[in-house]
Each structure stands twice: as C-alpha cells, then as structure tokens.
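Peer 1: One structure is given below, represented as structure tokens, and several questions about it will come after.
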Amino acid sequence: MNLPAVALMCLAGLVLPGRAAAQNGKVVVLHLDDTIQPISADYLKRGLDRAAELHAQAVLVELNTPGGLLESTRGMVSDILASPAPVIVYVTPAGSRAGSAGFFIMESADVAAMAPGTNAGAAHPVLEVGSVDDVMKQKILNDALAFLRSYVSLRGRNVDAAQDAVTNSKAYTDNEAQKLNLVDVIAPNTQALLDAVDGRTVKRFNGATQVLHTRGAALVSVEPNLREQIMDRLMDPNLAVLILLAGALLIYLEFHIPGTIIPGALGTLMVLLALFSLNLLPVRYTALALIVCALILMVLEAKFPSHGVLALTGTAALVLGLLTLVAGPIPEMRVQLWTALAAGLAFGGITAFLVRLAWRARRNKQMVGPDALVGAMGVAQQALAPEGQILVHGELWLAESPLPVAAGETVRVRAVSGLKLLVETVREHVSA
C-alpha cells in the first residue's frame with residue numbers, strides 16, 4: 001500500500017467518526033396540537049431546555065393550532081429566538097394549520113416547514129378584552145406588525161407577505177407559502193423533512209451560522225407532563241365554566257347539609273381549579289358582574305316570591321354572563337352558546353330550588369318539646385270540664401278547654417301553658 005493511500009485512510013478515520021457522530025445526534029420533538037396559551041408556552045420552554053441539556057442538533061416542533069393568546073405567543077417566539085439549538089417548526093399532518101398565533105410561531109423558526117395539504121396565516125390580532133376605539137385598534141395592529149417584522153426580516157423571509165397575513169388576514173397553502181418565501185421546505189413526513197434539511201446552513205438569530213446534521217438523528221420526544229396535561233384541559237373555557245358551577249353547587253350543598261364534608265372539600269377544589277384556569281384566560285369583568293347579579297336575583301326570588309320573574313331574570317343574566325365571560329381571540333377559546341345555555345339554565349334552576357328550600361326551612365324552624373304540639377290534633381280520653389286528659393302524638397297530656405268537650409271528641413292544641421295544653425274543639429273552630 002503506497003503512502004498517499006495510507007494518508008487518505010488516516011484522514012478518513014479522523015473525519016468520518018465526527019461526521020457520523022453529528023449525523024447520529026439527537027433531535028428533540030415537541031407537539032403543539034392545541035390553542036396557544038400559557039400552558040403551551042411552558043411546554044415549549046421545557047422542551048427547548050431539554051434540547052439544550054442534550055446538545056441536540058435541532059428541535060422539531062410539530063404544529064397544528066387555530067391560534068391563541070398574543071401574550072403567550074410573544075413569550076414562545078422569544079424562547080425560540082433564544083434557543084441554543086436550531087428550531088424547526090413543521091405544520092403537520094395534512095389538514096393541519098398554523099392559524100393566527102401559530103403563524104407568528106412558524107415564522108420565528110430557523111427552518112419553517114409545512115406538510116402537503118396544510119395552511120398558515122389569517123393572523124390579524126383580535127382584541128381579547130372589551131372594545132376599543134379605532135386609534136387603539138390601529139396601535140394594536142401596528143404593534144403586532146412590528147413584532148412580526150422584527151424577526152421575519154432577519155430570517156430572510158418575505159416581510160410583505162407575512163404582514164399581509166396580519167393586516168388582511170391572508171392565509172396561504174403550503175405551495176403558496178413556499179413560493180412567497182414564507183416557508184423553507186415542504187415535506188410529506190418527519191423523516192423526509194429531516195433528510196431535506198440535513199447539511200443546510202442556518203443563520204441563527206444572534207448572527208452565528210450552524211450546519212444542521214439531522215439525517216439519521218435519534219428522535220427524542222418530549223411529552224406533556226401530568227400537570228401540563230391537566231392544565232391544558234382546564235384551559236378550555238367551556239370545561240372551566242362547568243367545573244366552576246359544579247363546584248359552587250357542591251359548596252352550597254355543604255352549607256345546606258353541614259357535616260357532610262366531602263361536597264364542601266370537593267367543591268372548593270373544583271372552584272379553585274376553575275379560577276386558576278380562568279385567571280390564565282382573558283376574562284371580562286363585566287361578565288363576572290353579571291354572574292354575581294344573577295346569583296343575587298335568585299336569592300331575592302326565594303325571599304320575595306315574584307312568580308318566577310326574578311329567577312328568570314337571574315338565569316338570563318347568568319347565561320349572558322357565562323357566554324361573554326372569556327374574551328378569547330378565537331372561537332376555540334370562548335364559551336360556546338350551548339355550554340352557556342345548558343350550564344346557565346341548569347345552575348339557575350337548581351340554585352333557585354335549593355335557595356327556596358333553605359329559606360322556607362329557616363322561616364319554618366322545627367320546634368321541639370311541648371311547643372311542637374301547637375296545632376296538633378288530639379282525642380279527648382275523658383270529658384274536659386274544663387280539664388281532662390287527651391291523647392296527642394301517642395302521649396297523654398293534661399288539657400283544658402274553654403268549652404266542655406265530650407270523651408272521644410277531636411280537639412286541636414292552641415297553646416302550651418307549663419305542662420298543660422290549651423285546646424279547642426274542631427267543631428268549635430269550624431263553626432267559628
């Protein structure tokens with residue numbers, strides 16, 4: 001073997017292991033298949049931290065979202081831009097979308113990719129709380145546009161087309177997005193995507209360049225932990241509202257039947273969980289005021305019977321309050337009409353019924369001892385002239401009547417004087 005051949009083999013022995021190690025590195029895979037909200041932001045941050053610990057070649061974010069909260073989106077974009085490992089955002093599978101907030105996230109990636117049959121865009125900001133004048137709307141729009149431009153231009157993508165998705169709510173198919181230079185790759189599956197970007201040089205947001213070695217990389221999937229799974233479900237405002245009302249009913253049941261403990265403890269836990277999730281969502285305080293007024297009207301119906309007018313008004317206020325409680329930017333983050341109707345009508349009817357029972361019980365407190373005999377019916381065991389014994393509730397009592405009473409005649413107890421009952425004949429009462 002000649003000297004040049006030996007030198008070539010030695011050089012290959014030095015270079016190829018490094019190349020193989022790079023190709024056999026790790027790619028951390030995250031799945032964002034829901035609305036964008038604080039729990040999504042926590043999950044993404046945890047995945048990016050995990051990739052940094054593993055010194056992963058890249059982070060692959062599989063995205064399918066209708067959109068979400070702009071504040072959470074800003075935090076997620078900041079985390080992606082600051083990630084030590086390059087981030088690939090991949091809209092997948094076919095039929096998925098990167099709508100609204102998802103479009104902002106896709107454009108922030110080092111590599112933006114889409115699967116065939118997907119779409120992205122329609123990213124016009126929607127007010128989360130209340131209504132504002134035209135000047136404030138323009139300020140919010142301009143702020144969102146500046147936020148998008150701040151990283152789209154540095155990623156080398158089409159700024160005008162990206163802004164059009166915000167100002168005019170334009171949405172793009174995968175082919176349209178690639179032609180407009182909004183995405184870098186169209187790939188049918190994850191493996192094809194990793195093969196396509198292998199060897200690509202990406203310019204990081206800090207100005208550094210990095211070559212991707214993703215072919216044959218080991219995929220490390222980071223799944224949502226138990227806390228994130230539970231809180232992600234609770235971020236559904238419809239579920240949060242149902243849990244809140246169910247918890248409130250259980251707490252009321254505990255006050256109505258004290259000592260049961262379990263309804264009160266479970267109800268408190270449910271209310272706290274619902275309030276925690278609602279605290280992470282854009283809640284309208286006017287809707288909260290409507291719900292409080294609804295409860296007050298239901299209590300007033302029990303105290304001042306109005307033939308159902310107060311109860312119906314309270315139920316209507318409750319339904320309206322529930323329907324407008326969460327000012328989500330997309331329909332998926334709002335309380336749906338049927339949820340508000342079903343929960344409001346059920347809660348209103350049950351609450352009004354229980355409050356009326358409780359109020360009647362307070363007005364008609366059960367008396368114990370001799371006072372409980374007032375109004376009771378008895379039978380004279382001997383003639384009352386004016387005193388004698390009568391049988392009431394299976395007990396013999398000394399009784400006195402202002403008029404003579406024959407033995408065996410039915411009497412009614414009018415009052416109790418010490419250990420003596422003052423009675424009247426039923427005949428006397430009727431004739432009077």
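Simple scheme: letters A, B, ... for chains in structure tokens order, numbers from 1 for residues in each chain, numbers from 1 for ligands in the order shown.
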To test your reading of the structure, identify every residue in range 103-250 of chain A that backbone DSSP assigns to helix (DSSP H, G or I), and report it as a PyMOL selection string.

Peer 2: chain A and resi 103-107+134-152+159-167+174-179+190-197+226-234+237-250

Peer 1: Using DSSP on the backbone coordinates, identify all residues within range 143-253 of chain A classified as strand (DSSP E or B); present the result as a PyMOL selection string.

Peer 2: chain A and resi 171-173+185-186+201-203+209-211+218-221

Peer 1: What's the separation between CA of Met235 in chain A and CA of Ile88 in chain A, in Å to one decimal place?

Peer 2: 26.1 Å

Peer 1: Calculated over only C-alpha atoms, which of the candidates A:Val319, A:Leu70, A:Ala94, A:Leu281 has the smallest distance to Asp232 in chain A?

Peer 2: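 Nearest candidate to Asp232 in chain A out of A:Val319, A:Leu70, A:Ala94, A:Leu281: A:Leu281.
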
Peer 1: Just to confirm, what's the straight-line distance from CA of Ala51 in chain A to CA of Pro84 in chain A in Å (one decimal)?

Peer 2: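 Computing it gives 8.2 Å between the two atoms.
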
Peer 1: Pick from A:Leu249, A:Leu384, A:Met333, A:Leu63: nearest to Phe353 in chain A, with only C-alpha atoms counted?

Peer 2: A:Leu249

Peer 1: Determine, counting only C-alpha atoms, which protein, DNA and RNA residues have an atom within 12 Å of an atom of Ala177 in chain A; residues of the same chain fewer than 3 positions away are not included. Present the result as a tab-separated table (two decimals) with all heavy atoms, in the first residue's frame.

Peer 2:
chain	number	residue	atom	x	y	z
A	91	VAL	N	-45.56	22.36	10.23
A	91	VAL	CA	-47.02	22.29	10.27
A	91	VAL	C	-47.43	20.94	9.68
A	91	VAL	O	-47.27	20.69	8.48
A	91	VAL	CB	-47.67	23.45	9.47
A	91	VAL	CG1	-49.20	23.39	9.62
A	91	VAL	CG2	-47.14	24.78	9.96
A	98	ALA	N	-51.46	26.50	10.77
A	98	ALA	CA	-50.77	27.40	11.69
A	98	ALA	C	-51.51	28.72	11.61
A	98	ALA	O	-51.09	29.68	10.96
A	98	ALA	CB	-49.31	27.56	11.31
A	103	PHE	N	-49.06	31.27	13.11
A	103	PHE	CA	-48.29	31.85	12.00
A	103	PHE	C	-47.09	32.61	12.54
A	103	PHE	O	-45.98	32.52	12.00
A	103	PHE	CB	-49.19	32.77	11.18
A	103	PHE	CG	-48.50	33.41	10.01
A	103	PHE	CD1	-48.27	32.68	8.86
A	103	PHE	CD2	-48.09	34.73	10.06
A	103	PHE	CE1	-47.63	33.27	7.77
A	103	PHE	CE2	-47.46	35.33	8.98
A	103	PHE	CZ	-47.23	34.59	7.82
A	106	MET	N	-44.51	29.98	13.56
A	106	MET	CA	-43.88	29.34	12.41
A	106	MET	C	-42.81	30.23	11.79
A	106	MET	O	-41.71	29.76	11.46
A	106	MET	CB	-44.95	28.99	11.36
A	106	MET	CG	-44.41	28.25	10.15
A	106	MET	SD	-45.66	27.98	8.87
A	106	MET	CE	-45.77	29.64	8.18
A	107	GLU	N	-43.12	31.51	11.66
A	107	GLU	CA	-42.16	32.41	11.02
A	107	GLU	C	-40.94	32.70	11.88
A	107	GLU	O	-39.92	33.17	11.39
A	107	GLU	CB	-42.86	33.73	10.66
A	107	GLU	CG	-43.89	33.61	9.56
A	107	GLU	CD	-43.27	33.08	8.27
A	107	GLU	OE1	-42.20	33.58	7.87
A	107	GLU	OE2	-43.86	32.16	7.67
A	112	ALA	N	-38.71	26.91	8.66
A	112	ALA	CA	-40.17	26.80	8.64
A	112	ALA	C	-40.55	25.78	7.59
A	112	ALA	O	-40.09	25.86	6.44
A	112	ALA	CB	-40.80	28.15	8.34
A	113	ALA	N	-41.38	24.81	7.95
A	113	ALA	CA	-41.75	23.74	7.04
A	113	ALA	C	-43.23	23.45	7.15
A	113	ALA	O	-43.86	23.70	8.19
A	113	ALA	CB	-40.94	22.48	7.33
A	114	MET	N	-43.79	22.92	6.07
A	114	MET	CA	-45.20	22.55	6.04
A	114	MET	C	-45.35	21.22	5.33
A	114	MET	O	-44.58	20.89	4.42
A	114	MET	CB	-46.03	23.62	5.32
A	114	MET	CG	-46.02	24.99	6.00
A	114	MET	SD	-46.90	26.28	5.06
A	114	MET	CE	-48.61	25.74	5.24
A	115	ALA	N	-46.33	20.46	5.74
A	115	ALA	CA	-46.68	19.23	5.06
A	115	ALA	C	-47.68	19.55	3.95
A	115	ALA	O	-48.40	20.55	4.02
A	115	ALA	CB	-47.28	18.22	6.04
A	116	PRO	N	-47.74	18.74	2.90
A	116	PRO	CA	-48.74	18.97	1.86
A	116	PRO	C	-50.15	18.94	2.45
A	116	PRO	O	-50.46	18.13	3.31
A	116	PRO	CB	-48.51	17.80	0.89
A	116	PRO	CG	-47.10	17.37	1.13
A	116	PRO	CD	-46.85	17.60	2.59
A	117	GLY	N	-51.00	19.84	1.97
A	117	GLY	CA	-52.37	19.87	2.45
A	117	GLY	C	-52.55	20.65	3.73
A	117	GLY	O	-53.59	20.52	4.39
A	118	THR	N	-51.59	21.48	4.09
A	118	THR	CA	-51.71	22.32	5.28
A	118	THR	C	-51.81	23.78	4.87
A	118	THR	O	-51.60	24.14	3.70
A	118	THR	CB	-50.51	22.13	6.22
A	118	THR	OG1	-49.30	22.44	5.50
A	118	THR	CG2	-50.43	20.71	6.72
A	119	ASN	N	-52.13	24.65	5.83
A	119	ASN	CA	-52.22	26.08	5.52
A	119	ASN	C	-51.77	26.89	6.72
A	119	ASN	O	-51.72	26.38	7.85
A	119	ASN	CB	-53.64	26.47	5.11
A	119	ASN	CG	-54.65	26.27	6.23
A	119	ASN	OD1	-54.84	27.12	7.08
A	119	ASN	ND2	-55.31	25.11	6.25
A	120	ALA	N	-51.47	28.16	6.47
A	120	ALA	CA	-50.99	29.04	7.52
A	120	ALA	C	-51.43	30.47	7.21
A	120	ALA	O	-51.63	30.83	6.05
A	120	ALA	CB	-49.47	28.97	7.65
A	121	GLY	N	-51.58	31.27	8.27
A	121	GLY	CA	-51.92	32.68	8.07
A	121	GLY	C	-53.13	33.11	8.87
A	121	GLY	O	-53.38	32.58	9.96
A	157	ARG	N	-37.02	36.05	5.22
A	157	ARG	CA	-38.28	35.67	4.59
A	157	ARG	C	-39.02	36.91	4.08
A	157	ARG	O	-38.62	38.03	4.30
A	157	ARG	CB	-39.15	34.88	5.58
A	157	ARG	CG	-38.47	33.61	6.06
A	157	ARG	CD	-39.41	32.62	6.70
A	157	ARG	NE	-38.64	31.43	7.11
A	157	ARG	CZ	-38.31	31.14	8.35
A	157	ARG	NH1	-38.70	31.94	9.35
A	157	ARG	NH2	-37.60	30.07	8.63
A	158	ASN	N	-40.13	36.66	3.40
A	158	ASN	CA	-40.89	37.71	2.72
A	158	ASN	C	-41.67	38.53	3.74
A	158	ASN	O	-42.72	38.09	4.23
A	158	ASN	CB	-41.83	37.08	1.69
A	158	ASN	CG	-42.47	38.11	0.79
A	158	ASN	OD1	-42.68	39.26	1.17
A	158	ASN	ND2	-42.82	37.68	-0.42
A	161	ALA	N	-45.37	39.64	2.49
A	161	ALA	CA	-46.37	38.57	2.52
A	161	ALA	C	-46.74	38.21	3.95
A	161	ALA	O	-47.90	37.91	4.25
A	161	ALA	CB	-45.84	37.33	1.79
A	162	ALA	N	-45.74	38.25	4.84
A	162	ALA	CA	-46.02	37.97	6.26
A	162	ALA	C	-46.94	39.03	6.84
A	162	ALA	O	-47.88	38.72	7.58
A	162	ALA	CB	-44.71	37.91	7.04
A	165	ALA	N	-50.60	38.67	5.92
A	165	ALA	CA	-51.35	37.69	6.71
A	165	ALA	C	-51.93	38.33	7.96
A	165	ALA	O	-52.92	37.84	8.52
A	165	ALA	CB	-50.45	36.53	7.09
A	170	LYS	N	-54.70	37.28	5.38
A	170	LYS	CA	-54.42	36.34	4.29
A	170	LYS	C	-53.99	34.99	4.87
A	170	LYS	O	-53.26	34.93	5.86
A	170	LYS	CB	-53.32	36.88	3.38
A	170	LYS	CG	-53.75	38.00	2.46
A	170	LYS	CD	-54.67	37.49	1.38
A	170	LYS	CE	-54.99	38.57	0.35
A	170	LYS	NZ	-53.80	38.96	-0.43
A	171	ALA	N	-54.42	33.93	4.22
A	171	ALA	CA	-53.99	32.57	4.58
A	171	ALA	C	-53.40	31.92	3.34
A	171	ALA	O	-53.85	32.17	2.22
A	171	ALA	CB	-55.16	31.76	5.11
A	172	TYR	N	-52.38	31.08	3.56
A	172	TYR	CA	-51.64	30.51	2.44
A	172	TYR	C	-51.60	28.99	2.54
A	172	TYR	O	-51.47	28.43	3.64
A	172	TYR	CB	-50.20	31.04	2.43
A	172	TYR	CG	-50.09	32.54	2.49
A	172	TYR	CD1	-49.76	33.18	3.68
A	172	TYR	CD2	-50.33	33.32	1.36
A	172	TYR	CE1	-49.66	34.56	3.74
A	172	TYR	CE2	-50.23	34.71	1.40
A	172	TYR	CZ	-49.89	35.33	2.60
A	172	TYR	OH	-49.81	36.69	2.66
A	173	THR	N	-51.71	28.34	1.36
A	173	THR	CA	-51.47	26.90	1.32
A	173	THR	C	-49.98	26.64	1.41
A	173	THR	O	-49.17	27.58	1.38
A	173	THR	CB	-52.02	26.30	0.02
A	173	THR	OG1	-51.27	26.84	-1.09
A	173	THR	CG2	-53.50	26.63	-0.16
A	174	ASP	N	-49.60	25.38	1.51
A	174	ASP	CA	-48.17	25.06	1.61
A	174	ASP	C	-47.40	25.52	0.38
A	174	ASP	O	-46.32	26.12	0.49
A	174	ASP	CB	-47.99	23.55	1.83
A	174	ASP	CG	-48.74	22.71	0.80
A	174	ASP	OD1	-49.98	22.84	0.72
A	174	ASP	OD2	-48.10	21.92	0.09
A	180	LEU	N	-43.95	32.22	-1.89
A	180	LEU	CA	-43.81	33.57	-1.34
A	180	LEU	C	-42.65	33.66	-0.35
A	180	LEU	O	-42.48	34.70	0.31
A	180	LEU	CB	-45.11	33.99	-0.65
A	180	LEU	CG	-46.30	34.24	-1.58
A	180	LEU	CD1	-47.58	34.43	-0.76
A	180	LEU	CD2	-46.04	35.47	-2.44
A	181	ASN	N	-41.89	32.60	-0.21
A	181	ASN	CA	-40.74	32.58	0.69
A	181	ASN	C	-41.16	32.81	2.15
A	181	ASN	O	-40.50	33.53	2.89
A	181	ASN	CB	-39.69	33.62	0.27
A	181	ASN	CG	-38.38	33.45	1.03
A	181	ASN	OD1	-38.03	32.35	1.45
A	181	ASN	ND2	-37.67	34.55	1.22
A	182	LEU	N	-42.25	32.18	2.54
A	182	LEU	CA	-42.67	32.20	3.95
A	182	LEU	C	-42.26	30.93	4.67
A	182	LEU	O	-42.13	30.92	5.90
A	182	LEU	CB	-44.19	32.39	4.04
A	182	LEU	CG	-44.71	33.76	3.63
A	182	LEU	CD1	-46.23	33.76	3.61
A	182	LEU	CD2	-44.20	34.85	4.56
A	183	VAL	N	-42.08	29.85	3.91
A	183	VAL	CA	-41.57	28.60	4.48
A	183	VAL	C	-40.41	28.12	3.62
A	183	VAL	O	-40.28	28.50	2.44
A	183	VAL	CB	-42.66	27.50	4.54
A	183	VAL	CG1	-43.78	27.91	5.48
A	183	VAL	CG2	-43.19	27.17	3.17
A	184	ASP	N	-39.56	27.28	4.21
A	184	ASP	CA	-38.35	26.84	3.53
A	184	ASP	C	-38.49	25.48	2.87
A	184	ASP	O	-37.87	25.21	1.85
A	184	ASP	CB	-37.20	26.78	4.55
A	184	ASP	CG	-37.03	28.09	5.29
A	184	ASP	OD1	-36.78	29.10	4.64
A	184	ASP	OD2	-37.17	28.09	6.54
A	185	VAL	N	-39.31	24.61	3.46
A	185	VAL	CA	-39.38	23.22	3.00
A	185	VAL	C	-40.82	22.74	3.02
A	185	VAL	O	-41.59	23.10	3.93
A	185	VAL	CB	-38.51	22.29	3.88
A	185	VAL	CG1	-38.57	20.85	3.37
A	185	VAL	CG2	-37.07	22.77	3.93
A	186	ILE	N	-41.19	21.93	2.03
A	186	ILE	CA	-42.44	21.17	2.07
A	186	ILE	C	-42.04	19.70	2.10
A	186	ILE	O	-41.33	19.21	1.22
A	186	ILE	CB	-43.32	21.46	0.85
A	186	ILE	CG1	-43.78	22.92	0.85
A	186	ILE	CG2	-44.54	20.52	0.84
A	186	ILE	CD1	-44.60	23.30	-0.36

Peer 1: Go through A:Val152, A:Val166, A:Val202, A:Val426 and flag the residue nearest Asp110 in chain A, using only C-alpha atoms for the distances.

Peer 2: A:Val202

Peer 1: Near Pro86 in chain A, within 9 Å and counting only C-alpha atoms, which residues show up once chain neighbours fewer than 2 positions away are dropped, as a PDB file with N, CA and C atoms, in the first residue's frame?

Peer 2:
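Dumped to part10.pdb:
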ATOM      1  N   ALA A  56     -28.768  18.861  21.522  1.00  0.00           N
ATOM      2  CA  ALA A  56     -29.446  18.320  20.350  1.00  0.00           C
ATOM      3  C   ALA A  56     -29.061  19.092  19.089  1.00  0.00           C
ATOM      4  N   GLN A  57     -29.090  18.377  17.966  1.00  0.00           N
ATOM      5  CA  GLN A  57     -28.818  19.015  16.676  1.00  0.00           C
ATOM      6  C   GLN A  57     -29.903  20.031  16.332  1.00  0.00           C
ATOM      7  N   ALA A  58     -31.125  19.750  16.746  1.00  0.00           N
ATOM      8  CA  ALA A  58     -32.234  20.655  16.435  1.00  0.00           C
ATOM      9  C   ALA A  58     -33.430  20.306  17.309  1.00  0.00           C
ATOM     10  N   VAL A  59     -34.400  21.218  17.327  1.00  0.00           N
ATOM     11  CA  VAL A  59     -35.690  20.990  17.975  1.00  0.00           C
ATOM     12  C   VAL A  59     -36.751  21.026  16.887  1.00  0.00           C
ATOM     13  N   LEU A  60     -37.504  19.962  16.780  1.00  0.00           N
ATOM     14  CA  LEU A  60     -38.575  19.879  15.786  1.00  0.00           C
ATOM     15  C   LEU A  60     -39.914  20.082  16.485  1.00  0.00           C
ATOM     16  N   ILE A  80     -37.983  30.692  21.241  1.00  0.00           N
ATOM     17  CA  ILE A  80     -37.463  30.090  20.012  1.00  0.00           C
ATOM     18  C   ILE A  80     -36.250  30.869  19.507  1.00  0.00           C
ATOM     19  N   LEU A  81     -36.348  32.190  19.513  1.00  0.00           N
ATOM     20  CA  LEU A  81     -35.236  33.011  19.027  1.00  0.00           C
ATOM     21  C   LEU A  81     -33.991  32.848  19.896  1.00  0.00           C
ATOM     22  N   SER A  83     -33.198  30.069  21.597  1.00  0.00           N
ATOM     23  CA  SER A  83     -32.870  28.659  21.791  1.00  0.00           C
ATOM     24  C   SER A  83     -31.437  28.353  21.362  1.00  0.00           C
ATOM     25  N   PRO A  84     -30.674  27.638  22.208  1.00  0.00           N
ATOM     26  CA  PRO A  84     -29.318  27.235  21.814  1.00  0.00           C
ATOM     27  C   PRO A  84     -29.317  26.294  20.604  1.00  0.00           C
ATOM     28  N   ILE A  88     -36.911  23.916  14.253  1.00  0.00           N
ATOM     29  CA  ILE A  88     -37.656  23.644  13.017  1.00  0.00           C
ATOM     30  C   ILE A  88     -39.129  23.567  13.385  1.00  0.00           C
ATOM     31  N   ALA A 109     -39.147  30.458  13.374  1.00  0.00           N
ATOM     32  CA  ALA A 109     -38.265  29.296  13.396  1.00  0.00           C
ATOM     33  C   ALA A 109     -37.047  29.499  12.510  1.00  0.00           C
ATOM     34  N   ASP A 110     -35.962  28.785  12.848  1.00  0.00           N
ATOM     35  CA  ASP A 110     -34.787  28.763  11.976  1.00  0.00           C
ATOM     36  C   ASP A 110     -35.138  28.134  10.633  1.00  0.00           C
ATOM     37  N   VAL A 111     -35.961  27.094  10.683  1.00  0.00           N
ATOM     38  CA  VAL A 111     -36.461  26.450   9.466  1.00  0.00           C
ATOM     39  C   VAL A 111     -37.969  26.325   9.601  1.00  0.00           C
ATOM     40  N   VAL A 202     -27.924  27.263   8.590  1.00  0.00           N
ATOM     41  CA  VAL A 202     -28.921  28.227   9.047  1.00  0.00           C
ATOM     42  C   VAL A 202     -28.218  29.364   9.786  1.00  0.00           C
ATOM     43  N   ARG A 204     -28.423  31.756  12.722  1.00  0.00           N
ATOM     44  CA  ARG A 204     -29.121  31.914  13.984  1.00  0.00           C
ATOM     45  C   ARG A 204     -29.486  33.370  14.201  1.00  0.00           C
ATOM     46  N   GLN A 210     -24.871  27.848  11.605  1.00  0.00           N
ATOM     47  CA  GLN A 210     -24.772  26.475  12.092  1.00  0.00           C
ATOM     48  C   GLN A 210     -25.252  25.532  11.008  1.00  0.00           C
ATOM     49  N   LEU A 212     -26.894  22.035   9.951  1.00  0.00           N
ATOM     50  CA  LEU A 212     -27.783  21.020  10.523  1.00  0.00           C
ATOM     51  C   LEU A 212     -27.339  19.631  10.092  1.00  0.00           C
TER      52      LEU A 212
END

Peer 1: Need the shell around range 344-347 of chain A: protein/DNA/RNA residues with any atom at most 7 Å away, counting only C-alpha atoms. Skip same-chain ones fewer than 6 positions apart. Format as a list in words?

Peer 2: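 Residues meeting the cut-off are Leu245, Thr315, Leu318 and Val319 of chain A.
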
Peer 1: Using only C-alpha atoms, find the one residue out of A:Ile261, A:Pro93, A:Asn225, A:Val335 that sits nearest to Leu278 in chain A.

Peer 2: A:Val335

Peer 1: So which residues touch range 143-148 of chain A within 12 Å, counting only C-alpha atoms, skipping near sequence neighbours fewer than 6 positions away, as a ChimeraX atom specification?

Peer 2: /A:70-71,73-75,77-78,100-101,103-108,123-127,136-137,154-155,157-168

Peer 1: Would you mind exporting N, CA and C atoms of the selected residues as a CSV table (one decimal), in the first residue's frame?

Peer 2:
chain,number,residue,atom,x,y,z
A,70,LEU,N,-52.0,36.3,22.2
A,70,LEU,CA,-50.8,37.0,21.7
A,70,LEU,C,-49.7,37.1,22.7
A,71,GLU,N,-50.1,37.3,24.0
A,71,GLU,CA,-49.1,37.4,25.0
A,71,GLU,C,-48.3,36.1,25.2
A,73,THR,N,-47.9,34.0,22.8
A,73,THR,CA,-47.2,33.9,21.5
A,73,THR,C,-45.9,34.6,21.6
A,74,ARG,N,-45.9,35.8,22.2
A,74,ARG,CA,-44.7,36.6,22.3
A,74,ARG,C,-43.6,35.9,23.1
A,75,GLY,N,-44.0,35.3,24.2
A,75,GLY,CA,-43.1,34.5,25.0
A,75,GLY,C,-42.5,33.3,24.3
A,77,VAL,N,-42.2,32.9,21.0
A,77,VAL,CA,-41.3,33.4,19.9
A,77,VAL,C,-40.0,33.8,20.5
A,78,SER,N,-40.0,34.5,21.7
A,78,SER,CA,-38.7,34.9,22.3
A,78,SER,C,-37.9,33.6,22.7
A,100,SER,N,-53.4,32.2,12.9
A,100,SER,CA,-53.3,33.3,13.8
A,100,SER,C,-51.9,33.3,14.6
A,101,ALA,N,-52.0,33.0,15.9
A,101,ALA,CA,-50.7,33.0,16.7
A,101,ALA,C,-49.8,31.9,16.1
A,103,PHE,N,-49.1,31.3,13.1
A,103,PHE,CA,-48.3,31.8,12.0
A,103,PHE,C,-47.1,32.6,12.5
A,104,PHE,N,-47.3,33.4,13.6
A,104,PHE,CA,-46.2,34.1,14.2
A,104,PHE,C,-45.1,33.1,14.7
A,105,ILE,N,-45.5,32.0,15.3
A,105,ILE,CA,-44.5,31.0,15.8
A,105,ILE,C,-43.8,30.3,14.6
A,106,MET,N,-44.5,30.0,13.6
A,106,MET,CA,-43.9,29.3,12.4
A,106,MET,C,-42.8,30.2,11.8
A,107,GLU,N,-43.1,31.5,11.7
A,107,GLU,CA,-42.2,32.4,11.0
A,107,GLU,C,-40.9,32.7,11.9
A,108,SER,N,-41.0,32.4,13.2
A,108,SER,CA,-39.9,32.7,14.1
A,108,SER,C,-38.8,31.6,14.0
A,123,ALA,N,-53.7,36.0,10.5
A,123,ALA,CA,-53.1,36.3,11.8
A,123,ALA,C,-53.4,37.7,12.2
A,124,HIS,N,-54.5,38.2,11.8
A,124,HIS,CA,-54.9,39.6,12.3
A,124,HIS,C,-55.2,39.5,13.8
A,125,PRO,N,-54.7,40.4,14.6
A,125,PRO,CA,-54.9,40.4,16.0
A,125,PRO,C,-56.3,40.7,16.4
A,126,VAL,N,-56.9,39.9,17.3
A,126,VAL,CA,-58.3,40.1,17.8
A,126,VAL,C,-58.2,40.6,19.2
A,127,LEU,N,-59.0,41.6,19.5
A,127,LEU,CA,-59.0,42.1,20.9
A,127,LEU,C,-59.4,41.0,21.9
A,136,MET,N,-56.9,52.9,19.1
A,136,MET,CA,-56.3,51.8,19.9
A,136,MET,C,-56.2,50.6,19.0
A,137,LYS,N,-57.2,50.3,18.2
A,137,LYS,CA,-57.1,49.1,17.3
A,137,LYS,C,-55.9,49.3,16.4
A,154,LEU,N,-35.0,39.3,9.6
A,154,LEU,CA,-33.7,38.6,9.9
A,154,LEU,C,-33.6,37.2,9.6
A,155,ARG,N,-34.8,36.5,9.4
A,155,ARG,CA,-34.8,35.2,9.0
A,155,ARG,C,-34.7,35.1,7.4
A,157,ARG,N,-37.0,36.1,5.2
A,157,ARG,CA,-38.3,35.7,4.6
A,157,ARG,C,-39.0,36.9,4.1
A,158,ASN,N,-40.1,36.7,3.4
A,158,ASN,CA,-40.9,37.7,2.7
A,158,ASN,C,-41.7,38.5,3.7
A,159,VAL,N,-41.2,39.7,4.1
A,159,VAL,CA,-41.8,40.5,5.1
A,159,VAL,C,-43.2,41.0,4.6
A,160,ASP,N,-43.3,41.4,3.3
A,160,ASP,CA,-44.6,41.9,2.9
A,160,ASP,C,-45.7,40.9,2.9
A,161,ALA,N,-45.4,39.6,2.5
A,161,ALA,CA,-46.4,38.6,2.5
A,161,ALA,C,-46.7,38.2,4.0
A,162,ALA,N,-45.7,38.3,4.8
A,162,ALA,CA,-46.0,38.0,6.3
A,162,ALA,C,-46.9,39.0,6.8
A,163,GLN,N,-46.7,40.3,6.5
A,163,GLN,CA,-47.5,41.4,7.0
A,163,GLN,C,-48.9,41.3,6.4
A,164,ASP,N,-49.0,40.8,5.2
A,164,ASP,CA,-50.4,40.7,4.6
A,164,ASP,C,-51.2,39.7,5.3
A,165,ALA,N,-50.6,38.7,5.9
A,165,ALA,CA,-51.4,37.7,6.7
A,165,ALA,C,-51.9,38.3,8.0
A,166,VAL,N,-51.3,39.4,8.4
A,166,VAL,CA,-51.8,40.1,9.6
A,166,VAL,C,-52.8,41.2,9.3
A,167,THR,N,-52.4,42.1,8.3
A,167,THR,CA,-53.3,43.3,8.0
A,167,THR,C,-54.5,42.8,7.3
A,168,ASN,N,-54.4,41.9,6.4
A,168,ASN,CA,-55.6,41.5,5.6
A,168,ASN,C,-56.0,40.1,5.9

Peer 1: Between CA of Asp195 in chain A and CA of Gly102 in chain A, what is the distance, to one decimal in Å?

Peer 2: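 CA of Gly102 in chain A lies 24.2 Å from CA of Asp195 in chain A.
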
Peer 1: List as a list of chain:residue names the protein and nucleic acid residues near Leu320 in chain A, meaning an atom at most 9 Å away when only C-alpha atoms are counted, but skip any in the same chain fewer than 3 places from it.

Peer 2: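 So, after excluding close chain neighbours, the residues are A:Ala287, A:Leu290, A:Ile291, A:Thr315, A:Ala316, A:Ala317, A:Leu323, A:Thr324, A:Leu325, A:Ala340, A:Leu341, A:Gly344.
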